[in-house]
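**Q** Got a file for you: query_36.cif, mmCIF, C-alpha atoms.
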```
data_data
#
loop_
_atom_site.label_atom_id
_atom_site.label_comp_id
_atom_site.auth_asym_id
_atom_site.auth_seq_id
_atom_site.Cartn_x
_atom_site.Cartn_y
_atom_site.Cartn_z
CA MET A 662 1.51 -15.74 0.63
CA SER A 663 2.07 -12.04 0.43
CA LEU A 664 -0.81 -11.41 -1.96
CA THR A 665 -3.19 -11.90 0.95
CA ASN A 666 -1.21 -9.20 2.76
CA ILE A 667 -2.25 -6.72 0.09
CA PHE A 668 -5.87 -7.27 1.09
CA ASN A 669 -4.99 -6.41 4.68
CA ILE A 670 -2.98 -3.36 3.62
CA ALA A 671 -5.63 -1.99 1.27
CA GLY A 672 -8.31 -2.82 3.83
CA SER A 673 -6.49 -0.85 6.52
CA GLY A 674 -6.27 2.07 4.11
CA MET A 675 -9.97 1.90 3.32
CA SER A 676 -10.94 1.81 6.97
CA ALA A 677 -8.60 4.72 7.79
CA GLN A 678 -10.05 6.77 4.95
CA SER A 679 -13.60 6.02 6.07
CA ILE A 680 -12.72 7.22 9.57
CA ARG A 681 -11.39 10.40 7.95
CA LEU A 682 -14.63 10.71 5.99
CA ASN A 683 -16.55 10.24 9.24
CA THR A 684 -14.76 13.13 10.91
CA VAL A 685 -15.38 15.29 7.84
CA ALA A 686 -19.09 14.47 8.00
CA SER A 687 -19.17 15.24 11.70
CA ASN A 688 -17.30 18.53 11.20
CA ILE A 689 -19.54 19.72 8.38
CA ALA A 690 -22.70 18.66 10.18
CA ASN A 691 -21.64 20.64 13.23
CA ALA A 692 -20.24 23.63 11.35
CA GLU A 693 -23.09 25.83 12.62
CA SER A 694 -23.66 24.25 16.02
CA VAL A 695 -23.53 27.34 18.21
CA SER A 696 -22.96 27.36 21.92
CA SER A 697 -23.02 29.96 24.67
CA SER A 698 -19.62 29.15 26.18
CA MET A 699 -16.17 28.49 24.79
CA ASP A 700 -15.79 25.12 26.53
CA THR A 701 -18.95 23.50 25.18
CA THR A 702 -18.46 24.58 21.57
CA TYR A 703 -17.78 21.89 19.00
CA ARG A 704 -14.21 21.86 17.67
CA ALA A 705 -13.11 20.47 14.31
CA ARG A 706 -11.83 16.90 14.61
CA GLN A 707 -8.99 15.44 12.54
CA PRO A 708 -7.71 11.85 12.45
CA VAL A 709 -3.99 11.12 12.86
CA PHE A 710 -2.61 8.58 10.39
CA ALA A 711 0.43 6.43 11.13
CA LEU A 712 2.21 3.51 9.51
CA ILE A 713 1.61 0.10 11.07
CA GLN A 714 5.04 -1.37 11.74
CA GLN A 715 5.13 -5.07 12.27
CA GLN A 716 7.60 -6.27 14.83
CA VAL A 717 10.36 -8.45 13.47
CA LEU A 718 10.11 -11.75 15.28
CA ALA A 719 13.03 -14.02 16.00
CA GLY A 720 13.30 -16.96 13.62
CA GLN A 721 11.72 -15.18 10.69
CA SER A 722 13.05 -16.02 7.23
CA ALA A 723 14.48 -13.33 5.00
CA ASN A 724 11.27 -13.26 2.98
CA GLU A 725 9.20 -12.66 6.08
CA VAL A 726 11.50 -9.84 7.14
CA VAL A 727 11.04 -8.26 3.70
CA ALA A 728 7.32 -8.63 4.06
CA SER A 729 7.38 -7.00 7.49
CA GLY A 730 9.74 -4.30 6.24
CA ALA A 731 7.11 -3.40 3.69
CA GLY A 732 4.88 -2.37 6.55
CA GLN A 733 1.39 -3.53 7.20
CA GLY A 734 -0.74 -0.64 6.11
CA VAL A 735 -2.02 2.42 7.86
CA GLN A 736 -3.75 2.98 11.17
CA VAL A 737 -5.55 5.84 12.86
CA THR A 738 -3.69 6.46 16.10
CA GLY A 739 -6.14 9.01 17.40
CA ILE A 740 -8.46 11.87 16.68
CA VAL A 741 -7.36 15.36 17.70
CA GLU A 742 -9.47 18.45 18.12
CA SER A 743 -8.37 21.58 16.32
CA ASP A 744 -6.82 24.40 18.37
CA ALA A 745 -7.87 27.10 15.91
CA PRO A 746 -9.68 30.03 17.57
CA LEU A 747 -13.47 29.81 17.77
CA ARG A 748 -15.64 32.29 15.96
CA GLN A 749 -17.24 34.66 18.48
CA GLN A 750 -20.20 36.68 17.28
CA TYR A 751 -22.30 39.36 18.91
CA GLU A 752 -25.92 38.22 18.51
CA PRO A 753 -27.91 39.37 21.56
CA THR A 754 -31.19 38.12 20.09
CA HIS A 755 -29.87 34.59 19.66
CA PRO A 756 -31.46 32.12 22.13
CA MET A 757 -27.99 30.67 22.89
CA ALA A 758 -26.37 34.06 23.56
CA ASN A 759 -24.52 34.45 26.88
CA GLU A 760 -24.87 37.38 29.31
CA GLU A 761 -22.75 39.66 27.15
CA GLY A 762 -24.79 38.74 24.07
CA TYR A 763 -22.13 36.58 22.38
CA VAL A 764 -22.54 33.17 20.74
CA PHE A 765 -19.66 30.87 19.82
CA TYR A 766 -19.40 29.17 16.45
CA PRO A 767 -17.19 26.09 15.91
CA ASN A 768 -13.76 26.51 14.30
CA VAL A 769 -14.76 24.31 11.37
CA ASN A 770 -13.45 25.50 8.00
CA VAL A 771 -16.02 24.15 5.56
CA VAL A 772 -13.82 24.68 2.48
CA GLU A 773 -11.00 22.77 4.14
CA GLU A 774 -13.40 19.98 5.06
CA MET A 775 -14.69 19.71 1.49
CA THR A 776 -11.16 19.32 0.08
CA ASN A 777 -10.48 16.80 2.82
CA MET A 778 -13.57 14.89 1.74
CA ILE A 779 -12.50 14.80 -1.92
CA SER A 780 -9.01 13.66 -0.95
CA ALA A 781 -10.40 10.93 1.31
CA SER A 782 -12.81 9.61 -1.31
CA ARG A 783 -10.06 9.54 -3.98
CA SER A 784 -7.73 7.67 -1.65
CA PHE A 785 -10.51 5.23 -0.83
CA GLN A 786 -11.07 4.66 -4.55
CA THR A 787 -7.36 4.03 -5.12
CA ASN A 788 -7.28 1.49 -2.32
CA ALA A 789 -10.31 -0.28 -3.75
CA ASP A 790 -8.54 -0.46 -7.13
CA ILE A 791 -5.44 -1.93 -5.47
CA MET A 792 -7.60 -4.60 -3.92
CA GLY A 793 -9.25 -5.37 -7.26
CA THR A 794 -5.89 -5.80 -8.97
CA ALA A 795 -4.60 -8.03 -6.17
CA LYS A 796 -7.75 -10.12 -6.50
CA GLU A 797 -7.14 -10.54 -10.23
CA MET A 798 -3.53 -11.59 -9.60
CA MET A 799 -4.67 -14.13 -7.06
CA GLN A 800 -7.37 -15.57 -9.30
CA ARG A 801 -4.76 -16.06 -12.00
CA VAL A 802 -2.58 -18.09 -9.67
CA LEU A 803 -5.54 -20.33 -8.93
CA GLN A 804 -5.78 -21.11 -12.64
CA LEU A 805 -2.09 -22.00 -12.95
CA GLY A 806 -1.49 -25.20 -14.88
CA GLN A 807 -5.00 -25.40 -16.25
CA ALA A 808 -5.13 -25.53 -20.00
CA MET B 1374 18.78 -36.82 -16.90
CA ALA B 1375 15.90 -36.32 -14.58
CA ILE B 1376 13.31 -33.71 -15.29
CA THR B 1377 12.59 -31.56 -12.26
CA PHE B 1378 10.06 -28.82 -11.89
CA ASP B 1379 12.84 -26.40 -10.95
CA LYS B 1380 14.66 -27.02 -14.22
CA ALA B 1381 11.52 -26.95 -16.30
CA LEU B 1382 10.09 -23.77 -14.85
CA GLY B 1383 13.29 -21.71 -14.89
CA ILE B 1384 13.35 -18.29 -13.32
CA HIS B 1385 9.68 -17.58 -13.73
CA GLN B 1386 8.58 -18.92 -10.39
CA GLN B 1387 11.10 -16.68 -8.60
CA ALA B 1388 10.11 -13.75 -10.79
CA LEU B 1389 6.49 -14.29 -9.80
CA LEU B 1390 7.47 -14.23 -6.13
CA VAL B 1391 9.44 -11.01 -6.49
CA ARG B 1392 6.52 -9.42 -8.35
CA THR B 1393 4.18 -10.42 -5.54
CA GLN B 1394 6.44 -8.86 -2.93
CA ARG B 1395 6.82 -5.71 -4.97
CA ALA B 1396 3.04 -5.45 -5.29
CA GLU B 1397 2.82 -5.56 -1.52
CA ILE B 1398 5.42 -2.81 -1.08
CA LEU B 1399 3.71 -0.58 -3.65
CA ALA B 1400 0.29 -1.19 -2.10
CA ASN B 1401 1.73 -0.14 1.23
CA ASN B 1402 3.08 3.06 -0.33
CA ILE B 1403 -0.32 3.96 -1.78
CA VAL B 1404 -2.17 3.17 1.42
CA ASN B 1405 0.17 5.49 3.32
CA ALA B 1406 -0.23 8.34 0.83
CA ASP B 1407 -1.84 10.45 3.60
CA THR B 1408 0.43 9.40 6.47
CA PRO B 1409 2.69 12.23 7.69
CA ASN B 1410 6.44 11.55 7.47
CA TYR B 1411 5.97 8.30 5.58
CA LYS B 1412 8.72 7.68 3.01
CA ALA B 1413 7.85 5.76 -0.14
CA ARG B 1414 9.88 2.59 -0.63
CA ASP B 1415 10.56 0.22 -3.47
CA ILE B 1416 12.79 -2.63 -4.51
CA ASP B 1417 15.00 -2.37 -7.56
CA PHE B 1418 13.98 -5.22 -9.84
CA ARG B 1419 16.70 -4.45 -12.37
CA GLY B 1420 19.20 -4.27 -9.51
CA ILE B 1421 18.14 -7.69 -8.31
CA LEU B 1422 18.50 -9.09 -11.80
CA ASN B 1423 21.86 -7.39 -12.48
CA GLY B 1424 23.23 -8.39 -9.09
CA GLU B 1425 22.32 -11.97 -9.75
CA MET B 1426 23.77 -11.91 -13.25
CA SER B 1427 27.10 -10.39 -12.25
CA GLN B 1428 27.53 -12.48 -9.14
CA ASN B 1429 26.34 -15.79 -10.46
CA ALA B 1430 26.87 -15.48 -14.18
CA SER B 1431 27.09 -19.21 -14.52
CA GLN B 1432 23.65 -19.62 -13.06
CA LEU B 1433 22.21 -17.85 -16.05
CA LYS B 1434 22.90 -20.91 -18.17
CA LEU B 1435 21.43 -23.25 -15.60
CA ASN B 1436 24.17 -25.82 -16.17
CA ALA B 1437 24.04 -27.35 -12.73
CA THR B 1438 26.56 -30.11 -12.40
CA GLN B 1439 25.78 -30.98 -8.82
CA ALA B 1440 22.58 -31.67 -7.02
CA SER B 1441 23.22 -28.80 -4.62
CA HIS B 1442 23.42 -26.18 -7.35
CA GLN B 1443 20.79 -23.49 -7.41
CA SER B 1444 18.43 -23.73 -10.30
CA GLY B 1445 16.95 -20.25 -10.37
CA LEU B 1446 18.42 -17.06 -11.59
CA MET B 1447 16.63 -14.75 -9.21
CA ASP B 1448 16.80 -14.99 -5.48
CA PRO B 1449 13.90 -13.17 -3.82
CA ASN B 1450 16.17 -12.62 -0.83
CA PHE B 1451 17.90 -9.91 -2.84
CA ALA B 1452 14.70 -7.98 -2.46
CA ALA B 1453 15.64 -7.44 1.17
CA GLU B 1454 17.44 -4.28 0.08
CA MET B 1455 14.58 -1.86 -0.04
CA MET B 1456 15.32 1.69 -1.02
CA PHE B 1457 13.58 4.98 -0.49
CA ARG B 1458 12.14 6.73 -3.47
CA THR B 1459 13.47 10.15 -4.46
CA PRO B 1460 10.51 12.54 -4.26
CA LEU B 1461 9.74 14.73 -7.25
CA GLN B 1462 8.62 17.60 -5.05
CA PRO B 1463 8.74 18.22 -1.32
CA SER B 1464 5.60 18.13 0.78
CA LEU B 1465 4.82 19.93 4.02
CA ASP B 1466 4.04 16.80 6.02
CA GLY B 1467 7.26 14.97 5.05
CA ASN B 1468 5.43 12.37 2.98
CA THR B 1469 7.21 11.29 -0.21
CA VAL B 1470 4.43 9.23 -1.81
CA ASP B 1471 3.37 10.30 -5.29
CA VAL B 1472 0.10 8.40 -5.70
CA GLN B 1473 0.04 8.68 -9.50
CA GLN B 1474 3.58 7.37 -9.79
CA GLU B 1475 2.92 4.55 -7.36
CA GLN B 1476 -0.28 3.60 -9.14
CA ALA B 1477 1.54 3.49 -12.46
CA GLU B 1478 4.24 1.31 -10.94
CA TYR B 1479 1.61 -0.93 -9.40
CA ALA B 1480 -0.16 -1.37 -12.73
CA LYS B 1481 3.16 -2.05 -14.46
CA ASN B 1482 4.06 -4.57 -11.81
CA ALA B 1483 0.69 -6.30 -12.22
CA LEU B 1484 1.29 -6.56 -15.97
CA ALA B 1485 4.79 -7.96 -15.46
CA TYR B 1486 3.24 -10.40 -13.02
CA GLN B 1487 0.79 -11.49 -15.71
CA ALA B 1488 3.69 -11.91 -18.13
CA SER B 1489 5.59 -14.10 -15.67
CA TYR B 1490 2.40 -15.99 -14.99
CA THR B 1491 1.82 -16.59 -18.71
CA PHE B 1492 5.38 -17.90 -19.14
CA LEU B 1493 4.91 -20.20 -16.18
CA ASN B 1494 1.56 -21.39 -17.46
CA LYS B 1495 3.00 -22.10 -20.90
CA LYS B 1496 5.73 -24.16 -19.26
CA PHE B 1497 3.04 -26.22 -17.57
CA THR B 1498 1.12 -26.56 -20.81
CA GLY B 1499 4.30 -27.76 -22.51
CA LEU B 1500 4.89 -30.34 -19.80
CA MET B 1501 1.30 -31.52 -20.09
CA ASN B 1502 1.65 -31.88 -23.83
CA ALA B 1503 4.87 -33.84 -23.36
CA ILE B 1504 3.16 -36.18 -20.89
CA LYS B 1505 0.13 -36.72 -23.09
CA GLY B 1506 2.27 -37.20 -26.19
CA GLU B 1507 -0.35 -35.75 -28.47
#
```
Would you kindly transcribe this structure into structure tokens?

**A**
Amino acid sequence: MSLTNIFNIAGSGMSAQSIRLNTVASNIANAESVSSSMDTTYRARQPVFALIQQQVLAGQSANEVVASGAGQGVQVTGIVESDAPLRQQYEPTHPMANEEGYVFYPNVNVVEEMTNMISASRSFQTNADIMGTAKEMMQRVLQLGQA
Amino acid sequence: MAITFDKALGIHQQALLVRTQRAEILANNIVNADTPNYKARDIDFRGILNGEMSQNASQLKLNATQASHQSGLMDPNFAAEMMFRTPLQPSLDGNTVDVQQEQAEYAKNALAYQASYTFLNKKFTGLMNAIKGE
């Protein structure tokens, strides 16, 4: 029954969006985490989304091939760190300042992260709606033939 | 003349199946709204219907003279021809999903599903009434 597939698809979307929300939270929380060297500074993290492609198995009926052609939702294939340049500031009085008096701020763009957050929460909402509609459709089938 | 479920229920059971599959495809589009390079896909319900009507016009009347004749009008296997949606505007990441459009289609599809369901349910109610003879 392909209605159950919708639950898997929407569920994969919700989990991917919550991973995205997690990285946003981590990025914003660490937006001001200074460090005294370039290597140890926090870098903005972004998830990579990709379509889950189901393999077409031998002996599948045409309906099953259609179902697999529809894809099976979304997955997070990895989390990459941003290559954007770090913010270097001259603050000799800062306790984390290095020998030259510089501290390094993460390359987190807070405005970008906020828009990312809104987009993720909207997408999550949409996926939850999809699931609700699929649930309604399924409940109707269960009542089929009842007067 | 024997009464079979296939004859009594008509095309509505196949329509319900196609609607279910379309719901899955649309859900997959919406879920991948943020996936780079994902192309939105859909099946052409009207195309399925027209294809069936032009190819098997006689099936429309359901006058099966042999036991091997197909009873339904719609064959969900026609749905195998999925097509890519034409995007309204290009996007930088190569994604062609328009969430609003997909959501509208999904809602429309759910309504059509309910319509097919209601037809099917009424068929069952009619059969029940016939059996009870009330």

**Q** Using Å and a single decimal, report how far atom CA of B:Gln1473 sits from atom CA of B:Asp1407.

**A** 13.4 Å

**Q** To verify the selection step, state as a PyMOL selection string which residues the PyMOL selection byres ((chain B) within 9 of (chain A)) yields on this input.

**A** chain B and resi 1390+1393-1411+1414-1415+1449-1450+1452-1455+1472+1476+1479-1480+1483+1486-1487+1490-1491+1493-1498+1501

**Q** Could you jot down the atom CA of A:Gly762 to atom CA of A:Thr701 separation for me, Å, one decimal place?

**A**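 Atom CA of A:Thr701 lies 16.4 Å from atom CA of A:Gly762.
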
**Q** Which value, in Å to one decimal, gives the distance between atom CA of A:Ser694 and atom CA of A:Arg783?

**A** 28.3 Å

**Q** Which is closest to B:Leu1389 among B:Ala1477, B:Leu1465, B:Ala1488, B:Ile1504, if we use all atoms listed in the file?

**A**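 Closest to B:Leu1389 of all the choices is B:Ala1488.
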
**Q** Output requested as a short mmCIF file (atom, residue, chain, number, x, y, z; two decimals), in the coordinates of the input - stretch 668-692 of chain A, filled out with N, CA and C atoms.

**A**
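Now in selection.cif:
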```cif
data_model
loop_
_atom_site.label_atom_id
_atom_site.label_comp_id
_atom_site.auth_asym_id
_atom_site.auth_seq_id
_atom_site.Cartn_x
_atom_site.Cartn_y
_atom_site.Cartn_z
N PHE A 668 -4.48 -7.47 0.67
CA PHE A 668 -5.87 -7.27 1.09
C PHE A 668 -5.91 -6.59 2.45
N ASN A 669 -5.03 -7.05 3.35
CA ASN A 669 -4.99 -6.41 4.68
C ASN A 669 -4.55 -4.96 4.58
N ILE A 670 -3.52 -4.72 3.73
CA ILE A 670 -2.98 -3.36 3.62
C ILE A 670 -4.04 -2.43 3.04
N ALA A 671 -4.63 -2.84 1.90
CA ALA A 671 -5.63 -1.99 1.27
C ALA A 671 -6.85 -1.84 2.19
N GLY A 672 -7.17 -2.90 2.90
CA GLY A 672 -8.31 -2.82 3.83
C GLY A 672 -8.06 -1.82 4.93
N SER A 673 -6.82 -1.82 5.46
CA SER A 673 -6.49 -0.85 6.52
C SER A 673 -6.60 0.57 5.98
N GLY A 674 -6.17 0.75 4.72
CA GLY A 674 -6.27 2.07 4.11
C GLY A 674 -7.71 2.50 3.95
N MET A 675 -8.56 1.56 3.52
CA MET A 675 -9.97 1.90 3.32
C MET A 675 -10.63 2.25 4.65
N SER A 676 -10.29 1.50 5.68
CA SER A 676 -10.94 1.81 6.97
C SER A 676 -10.43 3.14 7.53
N ALA A 677 -9.12 3.43 7.32
CA ALA A 677 -8.60 4.72 7.79
C ALA A 677 -9.26 5.87 7.04
N GLN A 678 -9.43 5.69 5.72
CA GLN A 678 -10.05 6.77 4.95
C GLN A 678 -11.52 6.94 5.33
N SER A 679 -12.19 5.85 5.70
CA SER A 679 -13.60 6.02 6.07
C SER A 679 -13.72 6.69 7.43
N ILE A 680 -12.72 6.48 8.31
CA ILE A 680 -12.72 7.22 9.57
C ILE A 680 -12.53 8.71 9.30
N ARG A 681 -11.63 9.00 8.33
CA ARG A 681 -11.39 10.40 7.95
C ARG A 681 -12.67 11.02 7.40
N LEU A 682 -13.38 10.24 6.56
CA LEU A 682 -14.63 10.71 5.99
C LEU A 682 -15.67 10.95 7.09
N ASN A 683 -15.64 10.09 8.09
CA ASN A 683 -16.55 10.24 9.24
C ASN A 683 -16.32 11.55 9.97
N THR A 684 -15.05 11.87 10.21
CA THR A 684 -14.76 13.13 10.91
C THR A 684 -15.16 14.32 10.06
N VAL A 685 -14.96 14.20 8.73
CA VAL A 685 -15.38 15.29 7.84
C VAL A 685 -16.88 15.49 7.94
N ALA A 686 -17.63 14.38 7.91
CA ALA A 686 -19.09 14.47 8.00
C ALA A 686 -19.50 15.12 9.31
N SER A 687 -18.85 14.68 10.38
CA SER A 687 -19.17 15.24 11.70
C SER A 687 -18.85 16.73 11.75
N ASN A 688 -17.70 17.12 11.18
CA ASN A 688 -17.30 18.53 11.20
C ASN A 688 -18.28 19.40 10.41
N ILE A 689 -18.65 18.92 9.21
CA ILE A 689 -19.54 19.72 8.38
C ILE A 689 -20.93 19.79 9.00
N ALA A 690 -21.38 18.67 9.56
CA ALA A 690 -22.70 18.66 10.18
C ALA A 690 -22.76 19.64 11.34
N ASN A 691 -21.65 19.78 12.04
CA ASN A 691 -21.64 20.64 13.23
C ASN A 691 -21.04 22.01 12.96
N ALA A 692 -20.89 22.36 11.68
CA ALA A 692 -20.24 23.63 11.35
C ALA A 692 -20.99 24.83 11.92
#
```
